[in-house]
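File shown: my_file-v1.cif. Contents: mmCIF, C-alpha atoms.
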```cif
data_query
loop_
_atom_site.label_atom_id
_atom_site.label_comp_id
_atom_site.auth_asym_id
_atom_site.auth_seq_id
_atom_site.Cartn_x
_atom_site.Cartn_y
_atom_site.Cartn_z
CA MET A 220 -24.78 -3.80 -12.89
CA LYS A 221 -22.50 -6.78 -12.62
CA LYS A 222 -21.27 -6.15 -16.10
CA ARG A 223 -20.44 -2.54 -15.33
CA LEU A 224 -18.37 -3.55 -12.34
CA GLY A 225 -16.52 -5.93 -14.62
CA TRP A 226 -15.73 -3.11 -17.02
CA PHE A 227 -14.58 -0.87 -14.21
CA ILE A 228 -12.25 -3.56 -12.89
CA ALA A 229 -10.93 -4.23 -16.38
CA GLY A 230 -10.31 -0.53 -16.95
CA GLY A 231 -8.54 -0.21 -13.61
CA LEU A 232 -6.33 -3.18 -14.37
CA LEU A 233 -5.43 -1.69 -17.74
CA VAL A 234 -4.35 1.55 -16.05
CA ALA A 235 -2.32 -0.43 -13.48
CA ALA A 236 -0.68 -2.49 -16.22
CA LEU A 237 0.27 0.64 -18.16
CA LEU A 238 1.72 2.24 -15.02
CA ALA A 239 3.71 -0.85 -14.08
CA GLY A 240 4.57 -1.80 -17.65
CA VAL A 241 5.46 1.52 -19.27
CA VAL A 242 5.61 4.42 -16.82
CA SER A 243 7.76 2.40 -14.38
CA SER A 244 10.74 2.68 -16.72
CA PHE A 245 10.69 6.44 -16.24
CA ALA A 246 10.63 6.24 -12.44
CA SER A 247 13.41 7.81 -10.42
CA SER A 248 16.29 5.46 -9.73
CA SER A 249 17.45 7.35 -6.65
CA PRO A 250 17.24 5.42 -3.38
CA ASP A 251 13.88 5.92 -1.66
CA GLY A 252 13.47 7.67 1.69
CA LEU A 253 14.20 4.53 3.70
CA ASP A 254 17.11 3.44 1.55
CA ALA A 255 18.61 6.93 1.58
CA THR A 256 18.45 6.93 5.38
CA ALA A 257 20.07 3.48 5.44
CA ARG A 258 22.95 4.84 3.36
CA GLN A 259 23.43 7.92 5.53
CA GLY A 260 26.84 8.02 7.20
CA CYS A 261 28.68 5.96 4.61
CA THR A 262 30.67 7.03 1.60
CA PHE A 263 30.33 5.25 -1.71
CA ASP A 264 32.55 4.86 -4.75
CA ALA A 265 31.41 5.11 -8.35
CA ASP A 266 30.27 1.48 -8.33
CA ASP A 267 28.14 2.08 -5.24
CA ASN A 268 30.40 0.09 -2.95
CA ILE A 269 30.76 1.33 0.61
CA THR A 270 34.16 2.95 1.08
CA GLY A 271 33.89 4.12 4.68
CA GLY A 272 31.81 5.47 7.52
CA THR A 273 28.99 3.84 9.48
CA CYS A 274 25.51 3.24 8.12
CA MET A 275 22.66 0.73 8.35
CA LEU A 276 23.41 -0.60 4.91
CA GLN A 277 26.60 -2.26 6.18
CA GLN A 278 24.49 -4.68 8.19
CA GLU A 279 22.17 -5.51 5.34
CA GLN A 280 22.03 -9.18 4.46
CA ASP A 281 21.08 -10.76 1.18
CA HIS A 282 17.48 -11.51 0.45
CA GLN A 283 16.70 -15.20 0.86
CA LEU A 284 15.08 -15.15 -2.56
CA LYS A 285 17.55 -12.92 -4.37
CA ASP A 286 17.83 -15.47 -7.17
CA SER A 287 14.13 -15.30 -7.90
CA PRO A 288 13.55 -14.95 -11.66
CA LEU A 289 11.75 -11.68 -10.94
CA ALA A 290 14.20 -10.31 -8.36
CA ASP A 291 14.62 -6.52 -8.35
CA TYR A 292 11.66 -5.98 -10.67
CA GLY A 293 13.22 -7.48 -13.76
CA ILE A 294 12.94 -10.74 -15.62
CA LYS A 295 16.00 -12.90 -15.56
CA GLY A 296 17.31 -13.48 -19.06
CA ILE A 297 15.85 -10.34 -20.62
CA ASP A 298 18.64 -7.84 -21.12
CA ASN A 299 16.58 -4.97 -22.46
CA GLU A 300 15.88 -2.96 -19.31
CA PHE A 301 12.70 -1.40 -20.58
CA LEU A 302 11.24 -4.78 -21.49
CA SER A 303 12.54 -6.49 -18.39
CA THR A 304 11.16 -3.90 -15.97
CA GLY A 305 7.94 -3.46 -17.90
CA LEU A 306 7.12 -7.13 -18.23
CA SER A 307 7.94 -7.82 -14.60
CA GLY A 308 5.61 -4.97 -13.68
CA VAL A 309 2.74 -6.28 -15.79
CA LEU A 310 3.32 -9.74 -14.39
CA GLY A 311 3.28 -8.31 -10.87
CA VAL A 312 -0.03 -6.55 -11.49
CA ALA A 313 -1.55 -9.74 -12.88
CA VAL A 314 -0.27 -11.93 -10.03
CA THR A 315 -1.33 -9.40 -7.37
CA PHE A 316 -4.83 -9.18 -8.81
CA ALA A 317 -5.10 -12.95 -9.21
CA ILE A 318 -3.87 -13.82 -5.72
CA GLY A 319 -5.37 -10.82 -3.92
CA GLY A 320 -8.68 -10.93 -5.75
CA GLY A 321 -8.80 -14.71 -5.48
CA VAL A 322 -8.28 -14.78 -1.73
CA PHE A 323 -10.75 -11.93 -1.17
CA TRP A 324 -13.29 -13.76 -3.32
CA LEU A 325 -12.85 -16.97 -1.34
CA VAL A 326 -13.22 -15.37 2.09
CA ARG A 327 -16.02 -12.99 1.10
CA ARG A 328 -19.32 -12.96 2.90
CA ARG A 329 -21.76 -15.04 0.88
CA GLY A 330 -24.81 -13.03 0.35
CA HIS A 331 -27.66 -13.51 2.77
CA HIS A 332 -27.65 -9.76 3.40
CA GLU A 333 -28.69 -7.60 0.52
CA GLN A 334 -27.32 -9.86 -2.17
CA LYS A 335 -29.87 -11.40 -4.43
CA SER A 336 -27.69 -13.38 -6.80
CA ASP A 337 -27.35 -16.82 -5.35
CA SER A 338 -26.28 -18.27 -8.65
CA ALA A 339 -22.59 -18.39 -7.76
CA ALA A 340 -23.24 -20.26 -4.53
CA GLY A 341 -21.94 -23.54 -5.86
CA SER A 342 -18.38 -22.28 -6.21
CA ALA A 343 -15.50 -24.54 -5.34
CA SER A 344 -14.77 -25.09 -1.69
CA ALA A 345 -11.21 -26.30 -2.14
CA MET F 1172 17.58 -0.38 -13.62
CA ASN F 1173 15.34 -0.59 -10.63
CA GLY F 1174 17.99 -2.20 -8.47
CA VAL F 1175 16.50 -0.06 -5.75
CA ALA F 1176 15.11 -1.89 -2.76
CA MET F 1177 11.95 -0.24 -1.54
CA HIS F 1178 11.34 -1.89 1.81
CA ILE F 1179 13.28 -2.87 4.92
CA ALA F 1180 15.96 -5.40 4.03
CA ASN F 1181 17.23 -8.29 6.12
CA GLY F 1182 19.73 -7.48 8.85
CA ILE F 1183 18.85 -3.83 9.45
CA VAL F 1184 16.77 -4.68 12.54
CA ASN F 1185 17.75 -7.64 14.71
CA ALA F 1186 16.05 -11.04 14.72
CA GLN F 1187 14.21 -10.60 18.04
CA VAL F 1188 12.48 -7.37 17.09
CA SER F 1189 11.76 -8.76 13.62
CA ALA F 1190 10.14 -11.82 15.20
CA VAL F 1191 7.99 -9.67 17.47
CA ALA F 1192 6.92 -7.61 14.48
CA ALA F 1193 6.06 -10.80 12.59
CA ALA F 1194 3.82 -11.87 15.46
CA VAL F 1195 2.19 -8.43 15.59
CA ALA F 1196 1.64 -8.51 11.84
CA ALA F 1197 0.16 -12.02 11.92
CA ALA F 1198 -2.23 -11.11 14.73
CA ALA F 1199 -3.27 -7.88 13.02
CA LEU F 1200 -3.90 -9.66 9.72
CA ALA F 1201 -5.99 -12.29 11.45
CA ILE F 1202 -8.14 -9.52 12.96
CA CYS F 1203 -8.37 -7.86 9.55
CA VAL F 1204 -9.59 -11.07 7.91
CA TRP F 1205 -12.14 -11.52 10.70
CA ARG F 1206 -13.46 -7.94 10.58
CA GLY F 1207 -12.93 -7.54 6.85
CA ARG F 1208 -15.21 -10.44 6.00
CA ALA F 1209 -18.19 -8.35 7.07
CA ASP F 1210 -17.25 -5.81 4.39
CA LEU F 1211 -16.24 -8.26 1.69
CA ASP F 1212 -19.20 -8.92 -0.54
CA ASP F 1213 -19.45 -9.80 -4.22
CA ARG F 1214 -18.63 -6.22 -5.19
CA LEU F 1215 -15.89 -5.38 -2.71
CA ALA F 1216 -13.87 -8.56 -3.33
CA PRO F 1217 -12.94 -7.82 -6.97
CA MET F 1218 -12.51 -4.14 -6.08
CA ALA F 1219 -10.03 -5.13 -3.35
CA GLY F 1220 -8.10 -7.23 -5.84
CA LEU F 1221 -7.91 -4.22 -8.14
CA VAL F 1222 -6.79 -1.93 -5.31
CA ALA F 1223 -3.96 -4.35 -4.44
CA ALA F 1224 -2.88 -4.59 -8.09
CA PHE F 1225 -3.03 -0.80 -8.45
CA ILE F 1226 -0.93 -0.26 -5.33
CA PHE F 1227 1.62 -2.75 -6.64
CA ALA F 1228 1.84 -0.80 -9.90
CA VAL F 1229 2.12 2.62 -8.32
CA GLN F 1230 4.75 1.45 -5.82
CA MET F 1231 7.02 0.91 -8.83
CA LEU F 1232 6.80 4.60 -9.69
CA ASN F 1233 9.50 6.22 -7.62
CA PHE F 1234 9.37 10.01 -7.80
CA GLN F 1235 12.19 12.38 -6.88
CA VAL F 1236 11.67 14.23 -3.61
CA LEU F 1237 15.17 15.58 -2.92
CA PRO F 1238 18.44 15.44 -4.84
CA GLY F 1239 19.42 11.78 -4.64
CA VAL F 1240 16.31 10.74 -2.73
CA SER F 1241 13.12 9.33 -4.19
CA GLY F 1242 9.91 7.97 -2.77
CA HIS F 1243 6.97 5.88 -3.73
CA LEU F 1244 3.40 5.45 -2.62
CA LEU F 1245 2.74 3.12 0.32
CA GLY F 1246 -0.99 2.99 -0.36
CA GLY F 1247 -2.56 2.56 3.07
CA THR F 1248 -4.78 5.63 2.92
CA LEU F 1249 -5.79 4.99 -0.68
CA ALA F 1250 -6.86 1.48 0.28
CA VAL F 1251 -8.79 2.70 3.35
CA VAL F 1252 -10.81 5.17 1.30
CA LEU F 1253 -11.61 2.70 -1.48
CA VAL F 1254 -12.16 -0.58 0.40
CA GLY F 1255 -12.20 0.25 4.11
CA PRO F 1256 -9.64 -0.20 6.89
CA TRP F 1257 -9.71 -3.99 7.37
CA VAL F 1258 -9.69 -5.02 3.74
CA GLY F 1259 -7.38 -2.09 2.99
CA ALA F 1260 -4.72 -3.41 5.36
CA LEU F 1261 -5.05 -6.81 3.69
CA CYS F 1262 -4.56 -5.21 0.26
CA VAL F 1263 -1.30 -3.54 1.30
CA SER F 1264 -0.14 -6.78 2.96
CA THR F 1265 -0.85 -8.74 -0.21
CA VAL F 1266 1.36 -6.34 -2.15
CA LEU F 1267 4.18 -6.57 0.40
CA ILE F 1268 4.05 -10.37 0.51
CA ILE F 1269 4.16 -10.66 -3.29
CA GLN F 1270 6.99 -8.13 -3.51
CA CYS F 1271 8.94 -10.06 -0.91
CA LEU F 1272 8.39 -13.57 -2.27
CA LEU F 1273 8.46 -12.87 -6.01
CA PHE F 1274 10.48 -9.71 -6.47
CA ALA F 1275 12.95 -10.15 -3.58
CA ASP F 1276 12.06 -6.68 -2.29
CA GLY F 1277 11.86 -6.29 1.48
CA GLY F 1278 13.67 -9.04 3.37
CA LEU F 1279 11.85 -12.24 4.23
CA THR F 1280 13.02 -11.87 7.83
CA ALA F 1281 11.86 -8.24 7.71
CA LEU F 1282 8.43 -9.02 6.22
CA GLY F 1283 6.75 -8.65 9.62
CA LEU F 1284 8.37 -5.24 10.07
CA ASN F 1285 7.26 -4.07 6.65
CA ILE F 1286 3.71 -5.32 7.11
CA THR F 1287 3.49 -3.82 10.59
CA ASN F 1288 4.71 -0.42 9.42
CA MET F 1289 2.99 0.02 6.10
CA ALA F 1290 -0.04 -2.28 6.15
CA VAL F 1291 -1.00 -2.08 9.83
CA ILE F 1292 0.27 1.19 11.33
CA GLY F 1293 0.17 3.22 8.12
CA THR F 1294 -3.32 2.03 7.29
CA ALA F 1295 -4.56 2.57 10.84
CA ALA F 1296 -3.24 6.13 10.89
CA GLY F 1297 -4.81 6.79 7.50
CA TYR F 1298 -8.12 5.38 8.68
CA LEU F 1299 -8.26 7.51 11.82
CA LEU F 1300 -7.69 10.64 9.79
CA VAL F 1301 -10.11 9.71 7.03
CA ALA F 1302 -12.83 8.90 9.56
CA GLY F 1303 -12.24 12.17 11.38
CA LEU F 1304 -11.91 14.40 8.34
CA LEU F 1305 -15.01 13.03 6.63
CA ARG F 1306 -17.05 14.30 9.55
CA LEU F 1307 -15.93 17.81 8.69
CA LEU F 1308 -15.53 17.77 4.94
CA PRO F 1309 -18.29 17.26 2.39
CA LYS F 1310 -18.81 13.77 1.01
CA THR F 1311 -18.11 14.86 -2.53
CA PRO F 1312 -15.32 13.86 -4.91
CA ARG F 1313 -13.45 17.02 -3.89
CA GLY F 1314 -14.05 16.49 -0.18
CA VAL F 1315 -12.86 12.92 -0.29
CA ALA F 1316 -9.83 13.96 -2.36
CA VAL F 1317 -8.78 16.57 0.21
CA THR F 1318 -9.33 14.02 2.97
CA THR F 1319 -7.19 11.47 1.14
CA PHE F 1320 -4.42 14.01 0.56
CA ILE F 1321 -4.12 15.03 4.20
CA ALA F 1322 -4.52 11.51 5.58
CA SER F 1323 -1.88 10.17 3.18
CA ILE F 1324 0.76 12.62 4.39
CA VAL F 1325 0.17 11.79 8.05
CA SER F 1326 -0.03 8.06 7.37
CA VAL F 1327 3.29 7.97 5.50
CA VAL F 1328 5.12 9.96 8.19
CA VAL F 1329 3.68 7.76 10.96
CA ALA F 1330 4.71 4.60 9.09
CA SER F 1331 8.23 5.99 8.67
CA GLN F 1332 8.46 6.69 12.38
CA ALA F 1333 7.35 3.14 13.14
CA PHE F 1334 10.56 2.06 11.46
CA VAL F 1335 12.50 4.48 13.67
CA LEU F 1336 10.92 2.87 16.74
CA GLU F 1337 11.86 -0.60 15.52
CA TYR F 1338 15.37 0.59 14.80
CA ALA F 1339 15.57 2.08 18.29
CA LEU F 1340 14.58 -1.29 19.76
CA GLY F 1341 16.65 -3.56 17.57
CA GLY F 1342 18.87 -1.61 15.20
CA THR F 1343 22.07 -3.42 14.29
CA THR F 1344 24.21 -0.30 13.93
CA GLN F 1345 25.19 2.43 16.37
CA LEU F 1346 23.76 5.55 14.83
CA SER F 1347 22.13 8.64 16.24
CA LEU F 1348 18.40 8.02 16.61
CA ALA F 1349 17.64 11.71 16.31
CA THR F 1350 19.41 11.84 12.97
CA ILE F 1351 17.54 8.81 11.67
CA ALA F 1352 14.19 10.07 12.94
CA GLY F 1353 14.86 13.45 11.37
CA SER F 1354 15.91 12.22 7.97
CA MET F 1355 13.10 9.66 7.84
CA ALA F 1356 10.53 12.29 8.80
CA GLY F 1357 11.93 14.90 6.42
CA ALA F 1358 11.97 12.58 3.42
CA HIS F 1359 8.60 11.08 4.23
CA ILE F 1360 6.79 14.39 4.59
CA LEU F 1361 7.74 15.03 0.97
CA ILE F 1362 6.93 11.45 -0.04
CA GLY F 1363 3.60 11.81 1.76
CA ILE F 1364 2.79 14.91 -0.31
CA GLY F 1365 3.55 12.95 -3.49
CA GLU F 1366 1.53 9.99 -2.29
CA GLY F 1367 -1.27 12.33 -1.25
CA LEU F 1368 -1.48 13.82 -4.74
CA ILE F 1369 -1.51 10.40 -6.44
CA ALA F 1370 -4.05 8.97 -4.02
CA ALA F 1371 -6.28 12.06 -4.15
CA VAL F 1372 -6.40 12.04 -7.95
CA THR F 1373 -7.15 8.30 -7.94
CA VAL F 1374 -9.90 8.59 -5.35
CA ALA F 1375 -11.46 11.65 -6.98
CA THR F 1376 -11.53 9.81 -10.30
CA VAL F 1377 -13.24 6.76 -8.84
CA ALA F 1378 -15.63 8.99 -6.89
CA ARG F 1379 -16.69 10.69 -10.12
CA VAL F 1380 -16.97 7.55 -12.23
CA ARG F 1381 -18.35 5.11 -9.64
CA PRO F 1382 -19.12 6.79 -6.30
CA ASP F 1383 -20.78 3.55 -5.20
CA LEU F 1384 -17.36 1.88 -5.22
CA VAL F 1385 -15.78 4.33 -2.76
CA TYR F 1386 -16.06 2.70 0.66
CA ALA F 1387 -15.58 5.95 2.57
CA LEU F 1388 -18.45 7.66 0.73
CA ARG F 1389 -20.83 4.72 1.01
CA ARG F 1390 -20.04 3.95 4.58
CA PHE F 1391 -20.25 7.44 5.94
CA ARG F 1392 -23.37 8.30 4.02
CA ASN F 1393 -25.14 5.36 5.59
CA ALA F 1394 -23.71 5.89 9.04
CA ARG F 1395 -24.62 9.52 9.35
CA PRO F 1396 -28.38 9.52 9.75
CA ALA F 1397 -28.42 6.25 11.65
CA VAL F 1398 -26.51 7.26 14.77
CA THR F 1399 -27.25 10.77 15.91
CA PRO F 1400 -27.78 10.71 19.66
CA ALA F 1401 -27.46 14.46 20.16
CA THR F 1402 -27.52 16.18 16.85
CA LYS F 1403 -25.98 19.59 17.05
CA THR F 1404 -26.86 21.99 14.32
CA VAL F 1405 -23.73 22.08 12.26
CA GLY F 1406 -23.74 25.28 10.29
CA VAL F 1407 -22.30 23.79 7.15
CA GLN F 1408 -24.97 23.64 4.55
CA ALA F 1409 -24.55 23.60 0.86
#
```
Can you turn what I pasted into structure tokens?
Amino acid sequence: MKKRLGWFIAGGLLVAALLAGVVSSFASSSPDGLDATARQGCTFDADDNITGGTCMLQQEQDHQLKDSPLADYGIKGIDNEFLSTGLSGVLGVAVTFAIGGGVFWLVRRRGHHEQKSDSAAGSASA
Amino acid sequence: MNGVAMHIANGIVNAQVSAVAAAVAAAALAICVWRGRADLDDRLAPMAGLVAAFIFAVQMLNFQVLPGVSGHLLGGTLAVVLVGPWVGALCVSTVLIIQCLLFADGGLTALGLNITNMAVIGTAAGYLLVAGLLRLLPKTPRGVAVTTFIASIVSVVVASQAFVLEYALGGTTQLSLATIAGSMAGAHILIGIGEGLIAAVTVATVARVRPDLVYALRRFRNARPAVTPATKTVGVQA
């Protein structure tokens, strides 16, 4: 039973990694619903600079972490867009699973209820 | 290039409203940890990690909804169906925090706004619909898929209008609220349909392969015979 859950999780992670690593490069590059609304009311030139009008985007400030090596779903230093986007996506899936799964595992209810396996009870309490 | 920001950036909503939203988000997450712990056992914890990772992946997949406008899954309803409302909200929050801190998507100052809209309000709306619809629809892969589809659409539109409310309270530009509400709602109905399709297919797949891992199916199956104070004869029988 435990083993089968492990396989299911592994399979799910593989699907997520393929979506983030490969399919993501074929995603639409149009602004999303929020971003499109934020641009409404302004005019833009070919380089996407605001040329006039009033819109939310004019008030937008830089992200505090815009120099992050993974900023904008790419990896700094990799020029190939497909690789850069794909690898950042796979990395994101791995980090999200590690941090999310790790925190959920640490705060989980330890099994007095219907759980029989007490073998993992001695896990780290750090 | 995905130079496209997906979430609320810094500066769009003023600092006061952003701070209030951060407090709301922190309080809501604390409640979710408290209530979610009851759900989180040895099986749900790894599943919740997978749901967060999956939502991260699918959020990268922007799909076209109108000429020049795209959308992506928010994931609240998907998370509710698979891991329940409390843990589900924590899954979406995990994604938003990682996107903000690692991928510089969604302003740090705006993190509370993004969590409030997508992880708290979006998930809550999705949960209310899922809970309601699963009383009417059969607890089968198809029933849960239809439930997920409908709840996703409503959840996405509600989350988008939460932004409109925040903008009304603390927007930094002078723009017509009606216009913003209209264009947000219009785009997000279409985005909700896209999200609904993705989430429904995902949930139906899990429900076929491992129905025991679908929180909504497990939970409602157990809850039904337990609490029936005045059972009316519902004429829906297979």
Starting from the shown file, work through the PyMOL selection byres ((chain F) within 7 of (chain A)) and note down what comes out as a ChimeraX atom specification.
/F:1172-1175,1177,1180-1183,1208-1209,1211-1212,1216-1221,1223-1225,1227-1229,1231-1235,1239-1242,1265-1266,1269,1272-1276,1278-1279,1343-1344,1351,1354-1355,1358-1359
List, as a ChimeraX atom specification, every residue that the PyMOL selection byres ((chain F and resi 1248) around 12) selects in the file provided.
/F:1222,1226,1244-1247,1249-1260,1262-1263,1289-1302,1315-1327,1329-1330,1363,1366-1371,1373-1374,1386-1387
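Of note, CA of Ile1364 (chain F) and CA of Arg1390 (chain F) are spaced 25.8 Å apart.
For the atom pair formed by CA of Leu1215 (chain F) and CA of Pro1312 (chain F), the distance is 19.4 Å, given to one decimal.
Relative to CA of Ile1362 (chain F), CA of Ser1189 (chain F) is found at 24.9 Å.
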Around the point (17.5, -1.9, 15.0), in the coordinates given by the file, pick out the residues reaching within 10 Å, counting all atoms listed in the file, and return them as a ChimeraX atom specification.
/A:275 /F:1182-1189,1334-1346
Return the padded bounding box of region 289-303 of chain A as AutoDock Vina command-line options: axis-aligned, built from all atoms listed in the file, 3 Å added on each side, with centre and edge lengths in Å to one decimal.
```
--center_x 14.9 --center_y -7.4 --center_z -15.4 --size_x 13.4 --size_y 18.1 --size_z 20.1
```
Show me the residues close to (3.8, -4.2, 9.0) - anything with an atom within 9 Å, counting all atoms listed in the file - and format the list as a ChimeraX atom specification.
/F:1192-1193,1195-1196,1199,1264,1267,1282-1293,1330
